[in-house]
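What follows is the content of run_12.txt (compact mmCIF, C-alpha atoms).
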```txt
# COMPACT_ATOMS: atom_id res chain seq x y z
CA MET A 1 76.29 -42.41 -13.47
CA PHE A 2 79.63 -40.63 -14.06
CA ASN A 3 79.31 -37.82 -16.61
CA ILE A 4 82.69 -37.24 -18.26
CA ASP A 5 81.63 -34.02 -20.01
CA LEU A 6 80.34 -32.52 -16.77
CA PHE A 7 83.52 -33.56 -14.94
CA ILE A 8 85.70 -31.90 -17.58
CA ASN A 9 83.68 -28.67 -17.34
CA GLN A 10 83.79 -28.60 -13.54
CA HIS A 11 87.27 -29.87 -12.74
CA VAL A 12 89.50 -29.56 -15.83
CA THR A 13 88.56 -26.64 -18.10
CA LYS A 14 86.47 -25.05 -15.32
CA ARG A 15 84.09 -23.61 -17.89
CA PRO A 16 80.33 -24.28 -17.95
CA GLY A 17 80.39 -24.86 -21.72
CA SER A 18 82.45 -24.33 -24.85
CA MET A 19 84.42 -21.10 -25.00
CA PHE A 20 83.97 -21.01 -28.80
CA LEU A 21 80.17 -20.93 -29.04
CA LYS A 22 80.03 -17.16 -29.59
CA ASP A 23 82.60 -17.27 -32.40
CA ILE A 24 80.63 -20.05 -34.09
CA GLU A 25 77.34 -18.20 -33.69
CA ASP A 26 78.83 -14.91 -34.91
CA ASN A 27 80.13 -16.64 -38.05
CA LYS A 28 77.27 -19.05 -38.63
CA ASP A 29 76.33 -17.66 -42.04
CA ILE A 30 79.93 -17.80 -43.31
CA LEU A 31 80.39 -21.33 -41.99
CA THR A 32 77.18 -22.45 -43.67
CA LYS A 33 78.24 -20.92 -46.99
CA LYS A 34 81.65 -22.60 -46.83
CA ILE A 35 80.41 -26.07 -45.78
CA LYS A 36 76.87 -26.64 -47.07
CA ASP A 37 76.81 -29.06 -50.03
CA LYS A 38 80.62 -29.34 -50.03
CA THR A 39 82.58 -32.60 -50.11
CA ILE A 40 84.81 -33.23 -47.10
CA MET A 41 87.72 -35.61 -46.52
CA VAL A 42 88.80 -36.11 -42.91
CA ILE A 43 92.06 -38.00 -42.40
CA GLY A 44 92.56 -39.46 -38.93
CA GLY A 45 88.89 -38.78 -38.36
CA ALA A 46 88.32 -41.59 -35.87
CA GLY A 47 90.63 -40.04 -33.27
CA SER A 48 89.59 -37.69 -30.48
CA ILE A 49 90.14 -34.41 -32.33
CA GLY A 50 89.18 -35.67 -35.79
CA SER A 51 85.88 -37.10 -34.57
CA SER A 52 85.13 -33.87 -32.68
CA PHE A 53 85.81 -31.90 -35.86
CA ILE A 54 83.37 -34.12 -37.72
CA LYS A 55 80.68 -33.48 -35.10
CA ALA A 56 81.33 -29.74 -35.38
CA VAL A 57 81.15 -29.67 -39.18
CA LEU A 58 78.17 -31.99 -39.87
CA PRO A 59 75.45 -29.58 -38.64
CA PHE A 60 76.39 -27.34 -41.58
CA LYS A 61 75.28 -30.13 -43.96
CA PRO A 62 78.09 -31.08 -46.35
CA SER A 63 77.09 -33.22 -49.32
CA ALA A 64 79.73 -35.89 -48.67
CA LEU A 65 81.93 -37.00 -45.80
CA VAL A 66 84.74 -39.48 -46.35
CA VAL A 67 86.81 -40.51 -43.33
CA ALA A 68 90.15 -42.31 -43.53
CA ASP A 69 91.81 -43.81 -40.47
CA THR A 70 94.09 -46.78 -39.81
CA ASP A 71 92.13 -47.70 -36.67
CA GLU A 72 89.33 -49.89 -38.01
CA ASN A 73 87.70 -50.36 -34.60
CA ALA A 74 87.66 -46.63 -33.93
CA LEU A 75 86.01 -46.03 -37.31
CA ALA A 76 83.27 -48.48 -36.38
CA GLU A 77 82.73 -46.66 -33.09
CA LEU A 78 82.72 -43.28 -34.85
CA THR A 79 79.90 -44.46 -37.12
CA ARG A 80 77.91 -45.91 -34.22
CA ASP A 81 78.41 -42.70 -32.27
CA LEU A 82 77.32 -40.40 -35.11
CA ARG A 83 74.24 -42.47 -35.88
CA SER A 84 73.27 -42.52 -32.19
CA ILE A 85 73.26 -38.73 -31.72
CA ASN A 86 69.76 -37.28 -31.79
CA GLY A 87 69.37 -34.84 -34.68
CA MET A 88 72.87 -35.34 -36.09
CA PHE A 89 72.98 -34.71 -39.84
CA ILE A 90 74.86 -37.41 -41.75
CA PRO A 91 75.09 -37.05 -45.55
CA GLU A 92 73.93 -39.95 -47.67
CA ASP A 93 77.45 -40.05 -49.11
CA TYR A 94 79.21 -41.00 -45.88
CA VAL A 95 82.07 -43.48 -46.21
CA PRO A 96 84.53 -44.46 -43.45
CA TYR A 97 87.66 -46.11 -44.90
CA PRO A 98 90.16 -48.09 -42.78
CA MET A 99 93.26 -47.05 -44.73
CA ASP A 100 96.57 -45.19 -44.46
CA PHE A 101 96.52 -41.80 -46.15
CA ALA A 102 100.02 -42.41 -47.55
CA SER A 103 99.00 -45.72 -49.14
CA SER A 104 98.40 -46.54 -52.80
CA VAL A 105 94.78 -47.49 -52.12
CA PHE A 106 94.12 -44.05 -50.62
CA ASP A 107 95.67 -42.52 -53.74
CA LYS A 108 93.35 -44.59 -55.94
CA MET A 109 90.28 -43.61 -53.94
CA PHE A 110 91.25 -39.93 -53.99
CA HIS A 111 91.76 -39.95 -57.76
CA LYS A 112 88.44 -41.73 -58.31
CA ARG A 113 86.67 -39.10 -56.22
CA GLY A 114 88.40 -36.29 -58.08
CA GLY A 115 89.51 -34.70 -54.84
CA PHE A 116 87.45 -32.88 -52.20
CA ASP A 117 86.36 -29.32 -51.48
CA ILE A 118 87.66 -29.48 -47.91
CA VAL A 119 90.48 -31.68 -46.61
CA ALA A 120 91.36 -31.88 -42.92
CA ASN A 121 94.26 -33.99 -41.70
CA PHE A 122 94.35 -35.19 -38.08
CA SER A 123 96.64 -38.16 -38.59
CA ALA A 124 99.63 -37.65 -36.29
CA HIS A 125 101.93 -39.12 -33.72
CA LYS A 126 101.08 -36.85 -30.81
CA HIS A 127 102.88 -38.34 -27.82
CA VAL A 128 106.27 -37.30 -26.47
CA ARG A 129 106.79 -40.97 -25.57
CA SER A 130 106.98 -41.71 -29.31
CA GLU A 131 110.65 -40.69 -29.41
CA LYS A 132 112.08 -43.56 -27.35
CA ASP A 133 114.48 -44.84 -30.05
CA ILE A 134 115.39 -44.46 -33.72
CA TYR A 135 112.56 -46.75 -34.88
CA SER A 136 109.83 -44.87 -33.02
CA VAL A 137 111.40 -41.58 -34.14
CA GLU A 138 111.32 -42.66 -37.79
CA ALA A 139 107.67 -43.71 -37.53
CA LEU A 140 106.82 -40.35 -35.93
CA VAL A 141 108.69 -38.22 -38.47
CA ARG A 142 107.36 -40.21 -41.42
CA ASN A 143 103.77 -39.76 -40.29
CA ASN A 144 104.00 -36.13 -39.18
CA VAL A 145 106.31 -34.81 -41.91
CA LEU A 146 107.30 -37.08 -44.79
CA ASN A 147 103.89 -38.63 -45.37
CA ALA A 148 102.31 -35.20 -45.03
CA LYS A 149 104.27 -34.18 -48.12
CA ILE A 150 102.96 -37.22 -50.02
CA LEU A 151 99.43 -36.01 -49.23
CA LEU A 152 100.24 -32.44 -50.24
CA ASP A 153 101.62 -33.61 -53.58
CA LEU A 154 98.34 -35.43 -54.13
CA LEU A 155 96.37 -32.32 -53.23
CA ASN A 156 98.38 -30.38 -55.80
CA LYS A 157 96.62 -32.47 -58.46
CA PHE A 158 93.18 -31.77 -56.94
CA PRO A 159 93.49 -28.44 -55.07
CA PRO A 160 90.89 -28.17 -52.27
CA GLU A 161 89.17 -24.93 -51.32
CA GLU A 162 90.47 -25.39 -47.77
CA TYR A 163 93.23 -27.54 -46.32
CA PHE A 164 93.68 -27.86 -42.56
CA CYS A 165 96.27 -29.85 -40.65
CA VAL A 166 96.35 -29.88 -36.86
CA SER A 167 99.54 -28.76 -35.14
CA THR A 168 100.36 -28.53 -31.41
CA ASP A 169 101.30 -25.98 -28.78
CA LYS A 170 104.55 -27.96 -28.46
CA ALA A 171 105.58 -26.65 -31.91
CA ALA A 172 106.32 -23.26 -30.33
CA ASN A 173 109.97 -23.42 -29.18
CA PRO A 174 110.00 -27.24 -29.29
CA VAL A 175 111.95 -29.35 -26.79
CA ASN A 176 110.92 -32.78 -28.10
CA ILE A 177 110.98 -34.48 -31.49
CA MET A 178 107.19 -34.60 -31.69
CA GLY A 179 106.92 -30.82 -31.24
CA ALA A 180 109.76 -30.20 -33.68
CA SER A 181 108.13 -32.48 -36.26
CA LYS A 182 104.91 -30.48 -36.00
CA ARG A 183 106.79 -27.20 -36.33
CA ILE A 184 108.41 -28.55 -39.49
CA MET A 185 105.01 -29.81 -40.65
CA GLU A 186 103.72 -26.22 -40.44
CA ASP A 187 106.44 -25.09 -42.85
CA VAL A 188 105.83 -28.04 -45.16
CA ILE A 189 102.11 -27.29 -45.53
CA PHE A 190 102.75 -23.54 -45.83
CA SER A 191 105.15 -24.21 -48.69
CA TYR A 192 102.13 -25.36 -50.71
CA SER A 193 100.10 -22.22 -49.95
CA ASP A 194 100.66 -20.82 -53.45
CA ASN A 195 98.40 -23.58 -54.79
CA PHE A 196 95.62 -23.80 -52.19
CA GLN A 197 94.57 -22.33 -48.86
CA VAL A 198 96.40 -23.91 -45.91
CA LYS A 199 95.85 -23.31 -42.21
CA THR A 200 96.54 -24.96 -38.90
CA ALA A 201 95.95 -24.68 -35.16
CA ARG A 202 98.13 -25.03 -32.10
CA PHE A 203 96.18 -25.84 -29.02
CA ALA A 204 96.20 -27.35 -25.61
CA ASN A 205 95.77 -30.87 -24.31
CA VAL A 206 92.37 -32.33 -25.10
CA ALA A 207 90.93 -33.51 -21.80
CA PHE A 208 90.50 -37.31 -21.69
CA SER A 209 91.45 -37.72 -25.36
CA ASN A 210 92.46 -41.16 -26.61
CA GLY A 211 95.81 -42.20 -25.18
CA SER A 212 96.07 -39.22 -22.83
CA LEU A 213 97.04 -39.60 -19.18
CA PRO A 214 93.54 -38.61 -17.92
CA ALA A 215 91.98 -41.22 -20.23
CA GLY A 216 94.43 -43.65 -18.67
CA PHE A 217 93.07 -42.74 -15.25
CA LEU A 218 89.63 -44.01 -16.31
CA ALA A 219 91.14 -47.23 -17.65
CA ARG A 220 93.05 -47.80 -14.39
CA LEU A 221 89.88 -47.21 -12.36
CA GLN A 222 87.99 -49.84 -14.36
CA LYS A 223 90.74 -52.36 -13.59
CA PHE A 224 91.33 -51.36 -9.95
CA GLN A 225 94.87 -50.33 -10.81
CA PRO A 226 96.83 -47.47 -9.18
CA LEU A 227 97.23 -44.00 -10.69
CA SER A 228 100.53 -42.31 -11.46
CA ALA A 229 100.98 -38.71 -12.58
CA PRO A 230 103.50 -35.85 -12.65
CA SER A 231 102.85 -33.16 -10.07
CA ASP A 232 105.00 -30.42 -11.60
CA VAL A 233 103.82 -30.33 -15.24
CA LYS A 234 101.17 -27.67 -15.88
CA ARG A 235 99.05 -27.90 -18.99
CA TYR A 236 96.27 -25.97 -20.72
CA PHE A 237 93.19 -28.08 -21.45
CA VAL A 238 90.26 -27.86 -23.83
CA SER A 239 87.29 -30.21 -23.93
CA PRO A 240 86.85 -32.69 -26.80
CA GLU A 241 84.00 -30.53 -28.11
CA GLU A 242 86.19 -27.43 -28.02
CA SER A 243 89.01 -29.20 -29.87
CA GLY A 244 86.73 -29.87 -32.83
CA GLN A 245 85.40 -26.32 -32.79
CA ILE A 246 88.89 -24.80 -32.84
CA CYS A 247 89.67 -26.83 -35.95
CA LEU A 248 86.33 -25.94 -37.55
CA LEU A 249 86.94 -22.21 -37.07
CA ALA A 250 90.58 -22.38 -38.19
CA CYS A 251 89.80 -24.49 -41.26
CA MET A 252 86.85 -22.45 -42.50
CA LEU A 253 87.63 -18.92 -41.30
CA GLY A 254 91.42 -18.83 -41.29
CA GLY A 255 93.38 -16.95 -43.90
CA ASN A 256 96.15 -18.56 -45.90
CA ARG A 257 99.14 -19.60 -43.70
CA GLU A 258 97.42 -18.63 -40.45
CA ILE A 259 97.77 -20.50 -37.16
CA PHE A 260 94.92 -20.44 -34.64
CA PHE A 261 95.21 -20.91 -30.88
CA PRO A 262 92.81 -20.61 -27.92
CA LYS A 263 92.90 -17.57 -25.65
CA LEU A 264 93.72 -19.25 -22.36
CA GLU A 265 95.17 -17.65 -19.24
CA LYS A 266 97.97 -19.15 -17.15
CA ALA A 267 95.55 -19.37 -14.22
CA GLN A 268 93.58 -21.94 -16.24
CA MET A 269 96.49 -24.38 -16.32
CA MET A 270 96.07 -27.68 -14.50
CA THR A 271 98.47 -30.32 -13.20
CA PHE A 272 97.73 -33.99 -13.82
CA ASP A 273 97.87 -34.93 -10.13
CA LYS A 274 95.02 -32.50 -9.41
CA ILE A 275 92.90 -34.03 -12.17
CA ALA A 276 93.59 -37.50 -10.76
CA THR A 277 92.64 -36.40 -7.25
CA ALA A 278 89.39 -34.78 -8.40
CA LEU A 279 88.51 -37.87 -10.42
CA LEU A 280 89.08 -40.21 -7.48
CA ASN A 281 87.01 -37.98 -5.23
CA GLU A 282 84.22 -38.05 -7.83
CA TYR A 283 84.27 -41.85 -7.60
CA GLY A 284 84.13 -41.73 -3.79
CA TYR A 285 87.79 -42.54 -3.11
CA ARG A 286 90.36 -40.90 -0.87
CA ILE A 287 93.92 -40.83 -2.17
CA LEU A 288 96.67 -42.92 -0.60
CA LEU A 289 100.03 -41.33 -1.46
CA CYS A 290 102.75 -43.85 -2.27
CA GLU A 291 106.51 -43.41 -2.62
CA SER A 292 106.90 -45.43 -5.83
CA ASP A 293 105.03 -47.10 -8.69
CA ALA A 294 105.85 -50.49 -7.12
CA GLU A 295 104.33 -49.54 -3.78
CA ALA A 296 101.19 -48.22 -5.48
CA VAL A 297 100.81 -51.46 -7.48
CA GLU A 298 101.19 -53.54 -4.34
CA LYS A 299 98.64 -51.56 -2.33
CA ALA A 300 96.11 -51.55 -5.19
CA VAL A 301 95.30 -55.17 -4.37
CA SER A 302 93.10 -53.92 -1.50
CA LEU A 303 90.81 -52.08 -3.96
CA LYS A 304 89.20 -55.34 -5.05
CA SER A 305 88.20 -55.91 -1.43
CA GLY A 306 86.27 -52.65 -1.30
CA SER A 307 88.86 -50.26 0.14
CA ASN A 308 88.12 -46.58 -0.48
CA LEU A 309 91.81 -45.61 -0.17
CA TYR A 310 93.15 -45.38 -3.70
CA PRO A 311 96.92 -45.73 -4.12
CA VAL A 312 98.59 -43.04 -6.24
CA HIS A 313 102.15 -42.13 -7.05
CA PHE A 314 102.64 -38.44 -7.79
CA THR A 315 106.17 -37.37 -8.68
CA SER A 316 108.16 -34.73 -10.53
CA SER A 317 108.77 -35.26 -14.24
CA ASP A 318 112.20 -36.50 -15.35
CA THR A 319 111.58 -37.94 -18.83
CA SER A 320 113.02 -36.84 -22.18
CA GLY A 321 111.28 -34.08 -24.11
CA GLU A 322 109.00 -32.96 -21.28
CA LYS A 323 108.30 -29.24 -21.40
CA HIS A 324 107.24 -27.87 -18.03
CA TYR A 325 105.23 -24.99 -19.47
CA GLU A 326 103.15 -24.35 -22.56
CA GLU A 327 103.08 -21.56 -25.11
CA PHE A 328 101.15 -21.07 -28.33
CA TYR A 329 103.44 -18.67 -30.22
CA THR A 330 106.97 -17.34 -30.20
CA ARG A 331 108.31 -13.81 -29.76
CA ASP A 332 109.04 -13.38 -33.46
CA GLU A 333 105.50 -14.27 -34.63
CA SER A 334 102.82 -11.65 -35.35
CA ILE A 335 99.67 -12.12 -33.27
CA ASN A 336 96.09 -10.90 -33.77
CA MET A 337 94.07 -11.16 -30.56
CA ASN A 338 91.08 -9.09 -31.69
CA ARG A 339 89.55 -10.95 -34.63
CA PHE A 340 87.75 -13.58 -32.55
CA GLU A 341 86.25 -13.72 -29.09
CA ALA A 342 88.09 -16.85 -27.89
CA LEU A 343 90.80 -17.40 -30.49
CA GLY A 344 94.10 -15.73 -31.23
CA VAL A 345 95.70 -15.94 -34.67
CA VAL A 346 99.33 -16.07 -35.75
CA THR A 347 99.36 -13.98 -38.93
CA ASP A 348 101.73 -12.81 -41.64
CA LYS A 349 103.60 -16.09 -41.92
CA ALA A 350 105.81 -15.96 -44.99
CA VAL A 351 106.00 -18.73 -47.56
CA PRO A 352 108.84 -20.90 -46.23
CA ASP A 353 112.06 -21.44 -48.16
CA LYS A 354 111.07 -24.39 -50.37
CA GLU A 355 114.65 -25.30 -51.24
CA LYS A 356 115.55 -25.45 -47.56
CA ILE A 357 112.55 -27.69 -46.87
CA GLU A 358 113.48 -30.01 -49.75
CA THR A 359 117.01 -30.29 -48.35
CA LEU A 360 115.66 -31.13 -44.90
CA LEU A 361 113.30 -33.82 -46.20
CA LYS A 362 116.10 -35.26 -48.35
CA ASP A 363 118.42 -35.39 -45.32
CA LEU A 364 115.75 -37.09 -43.20
CA ASN A 365 114.98 -39.69 -45.87
CA GLU A 366 118.66 -40.44 -46.37
CA ALA A 367 119.18 -40.76 -42.63
CA PHE A 368 116.32 -43.23 -42.30
CA ASN A 369 117.71 -45.26 -45.18
CA ARG A 370 121.04 -45.73 -43.36
CA ALA A 371 121.30 -48.70 -41.00
CA ASN A 372 123.42 -46.89 -38.40
CA THR A 373 121.38 -43.68 -37.99
CA THR A 374 120.66 -42.79 -34.37
CA LYS A 375 118.02 -40.74 -32.61
CA GLU A 376 120.72 -38.12 -31.95
CA ASP A 377 121.40 -37.87 -35.68
CA VAL A 378 117.75 -37.05 -36.35
CA VAL A 379 117.73 -34.45 -33.57
CA SER A 380 120.79 -32.86 -35.17
CA ILE A 381 119.21 -32.77 -38.65
CA MET A 382 116.02 -31.21 -37.27
CA GLY A 383 118.03 -28.76 -35.17
CA THR A 384 119.90 -27.54 -38.24
CA TYR A 385 116.57 -26.58 -39.78
CA LEU A 386 115.08 -25.29 -36.50
CA PRO A 387 117.74 -23.31 -34.60
CA ASN A 388 115.34 -22.84 -31.65
CA PHE A 389 114.88 -26.61 -31.21
CA LYS A 390 116.40 -27.28 -27.78
CA HIS A 391 115.90 -30.99 -27.26
CA ILE A 392 115.58 -32.16 -23.64
CA GLU A 393 117.25 -35.54 -23.24
CA THR A 394 117.29 -37.29 -19.87
CA GLY A 395 117.75 -40.87 -21.01
CA LYS A 396 114.35 -41.78 -19.54
CA SER A 397 111.12 -42.54 -21.40
CA LEU A 398 107.53 -42.34 -20.21
CA ASP A 399 107.32 -46.04 -21.00
CA SER A 400 109.40 -46.70 -17.89
CA LYS A 401 106.53 -45.40 -15.73
CA MET A 402 102.93 -46.37 -15.06
```
Output the structure of this file as structure tokens.
Amino acid sequence: MFNIDLFINQHVTKRPGSMFLKDIEDNKDILTKKIKDKTIMVIGGAGSIGSSFIKAVLPFKPSALVVADTDENALAELTRDLRSINGMFIPEDYVPYPMDFASSVFDKMFHKRGGFDIVANFSAHKHVRSEKDIYSVEALVRNNVLNAKILLDLLNKFPPEEYFCVSTDKAANPVNIMGASKRIMEDVIFSYSDNFQVKTARFANVAFSNGSLPAGFLARLQKFQPLSAPSDVKRYFVSPEESGQICLLACMLGGNREIFFPKLEKAQMMTFDKIATALLNEYGYRILLCESDAEAVEKAVSLKSGSNLYPVHFTSSDTSGEKHYEEFYTRDESINMNRFEALGVVTDKAVPDKEKIETLLKDLNEAFNRANTTKEDVVSIMGTYLPNFKHIETGKSLDSKM
């Protein structure tokens, strides 16, 4: 039987286990003190990173866990998964809610609960492909930025002991709207740091996370469909388990306005075509290189007849917003590489200019309320706030490819 965790360790992260185990063990007493008998709200908790965070935090025995996510089916699977893990602690007060965190019903629930000790927000548009037109851009920016402010205003009424919101490596010198929205999100949450502790984490691709290209490889295999991947885009990867542990450590051990990131070397970067090749080899296939998506689709018909030649189309990337390298911090940010074994920390972040943020959010809301606003208009507004936002526009979207 194919073991996805073992495959990730051997062929993607190339580590025998989590790189964060020592940091967790070294800080076990502090983590226990901060989590035991505390109430926790996890927003977007049914996703890949949110669910991994939940699995990382539950062994420290919180008194309550409330999970909000718009994906009702994923919430059901999260509950089945947690209750099927041998020895997993689940508090008696465990409630998964299929609801939007920016909705009125969420507001009612939050008020009734009187807030939470720990709030972690994983709700986000995370794909570069989400910027295909003005409508997808508005949905992305509302979720990642504007709705985040709605949540923060709610938290102001019930200040948590810890607030964590996941960011992305693509927020450092962003070249796409998703990365820029996350960079702005960092400033938005930091602008509330006078009222409660806020922290975040930028980290690598989560191997085989929901909606990722590697997860798509598994779906294509199940349907005997061809694989397509860029051959020139290198990415850092962490395992699903590691993604939750990064967030656990950042949320509970981070100082106010700190940004955590994993200590990964450039030699640990992987390209997607190499992951696809290793996966096909694991399933007993040999790759059949094709010149186009269409050719790969046509030749995939033979797979249902038992062929062990698997058609693939590997090509260079030419879509909008695609950054060909990854970085976790910029030259003007202060970095501490000594506090943790496997984590670096961006420190000394100042409280952002609140008036400037308010102006940005006002401009974005006004733009979305105009019928003739374009994607380029939004890029311009975000670029005025983020001078280092160098948007890559090619006129092509990932949705035009397999």
**OP:** Would you please work out which residue, of A:Gln197, A:Asn3, A:Thr384, A:Asn176, is nearest to Lys356 of chain A when using all atoms listed in the file?
**Re:**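 Ranking A:Gln197, A:Asn3, A:Thr384, A:Asn176 by distance to Lys356 of chain A, first place goes to A:Thr384.
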So that each row is one residue of segment 38-65 of chain A with an atom at most 9 Å from segment 72-82 of chain A, can you give its shortest atom pair and the distance in Å to one decimal, using all atoms listed in the file, rows by chain and rising number, as a tab-separated table?
```
residue	atom	partner	partner_atom	distance
A:Gly45	CA	A:Leu75	CA	7.9
A:Ala46	CA	A:Leu75	CA	5.2
A:Gly47	CA	A:Ala74	CA	7.3
A:Ser51	CA	A:Leu78	CA	6.9
A:Lys55	CA	A:Leu82	CA	7.7
```
Original post:
Given the choices A:Glu258, A:Asp348, A:Asp273, A:Glu358, which gets closest to Val12 of chain A if the distance is worked out from all atoms listed in the file?
Top reply: A:Asp273
Enumerate, in order of chain and increasing residue number, the residues of segment 134-184 of chain A with an atom no farther than 8 Å from segment 112-118 of chain A, each with its shortest atom pair and distance in Å to one decimal, counting all atoms listed in the file, as a tab-separated table.
```
residue	atom	partner	partner_atom	distance
A:Leu155	CA	A:Gly115	CA	7.4
A:Phe158	CA	A:Gly115	CA	5.1
A:Pro159	CA	A:Gly115	CA	7.4
A:Pro160	CA	A:Asp117	CA	4.7
A:Glu161	CA	A:Asp117	CA	5.2
A:Glu162	CA	A:Ile118	CA	5.0
A:Tyr163	CA	A:Ile118	CA	6.1
```
Subject >> Nearest to Ser231 of chain A, chosen from A:Asn338, A:Ser136, A:Ser63, A:Thr315, with only C-alpha atoms counted in the distances >> reply: A:Thr315
Original post:
What gap, in Å, lies between atom CA of Phe224 of chain A and atom CA of Gln10 of chain A?
Top reply: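 Interatomic distance here is 24.2 Å.
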As a PDB file with C-alpha atoms, keeping the file's coordinate frame, please: the residues near Ser167 of chain A (cut-off 9 Å, only C-alpha atoms, same-chain neighbours under 4 positions excluded).
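Below you can see result37.pdb, which holds the result:
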```
ATOM      1  CA  PHE A 122      94.350 -35.190 -38.080  1.00  0.00           C
ATOM      2  CA  ALA A 124      99.630 -37.650 -36.290  1.00  0.00           C
ATOM      3  CA  ALA A 171     105.580 -26.650 -31.910  1.00  0.00           C
ATOM      4  CA  GLY A 179     106.920 -30.820 -31.240  1.00  0.00           C
ATOM      5  CA  LYS A 182     104.910 -30.480 -36.000  1.00  0.00           C
ATOM      6  CA  ARG A 183     106.790 -27.200 -36.330  1.00  0.00           C
ATOM      7  CA  MET A 185     105.010 -29.810 -40.650  1.00  0.00           C
ATOM      8  CA  GLU A 186     103.720 -26.220 -40.440  1.00  0.00           C
ATOM      9  CA  THR A 200      96.540 -24.960 -38.900  1.00  0.00           C
ATOM     10  CA  ALA A 201      95.950 -24.680 -35.160  1.00  0.00           C
ATOM     11  CA  ARG A 202      98.130 -25.030 -32.100  1.00  0.00           C
ATOM     12  CA  PHE A 203      96.180 -25.840 -29.020  1.00  0.00           C
ATOM     13  CA  ILE A 259      97.770 -20.500 -37.160  1.00  0.00           C
TER      14      ILE A 259
END
```
Subject >> Surrounding residues of segment 96-102 of chain A excluding itself and chain neighbours under 4 positions, 7 Å, all atoms listed in the file, as a list in words >> reply: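 That gives Ile43, Val66, Val67, Ala68, Asp69, Thr70, Asp71, Glu72, Leu75, Phe106, Asn147, Ile150 and Leu151 of chain A.
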Original post:
Which of these residues is nearest to Phe328 of chain A, using all atoms listed in the file: A:Met88, A:Val312, A:Val145, A:Val346?
Top reply: A:Val346
Original post:
Which of these, A:Val137, A:Val301, A:Val42, A:Met270, has the shortest distance to Pro214 of chain A once you count all atoms listed in the file?
Top reply: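 Of A:Val137, A:Val301, A:Val42, A:Met270, the one nearest Pro214 of chain A is A:Met270, counting all atoms listed in the file.
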Subject >> Pairwise distance for atom CA of Asn365 of chain A and atom CA of His111 of chain A, rounded to one decimal in Å >> reply: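 Going from atom CA of Asn365 of chain A over to atom CA of His111 of chain A covers 26.1 Å.
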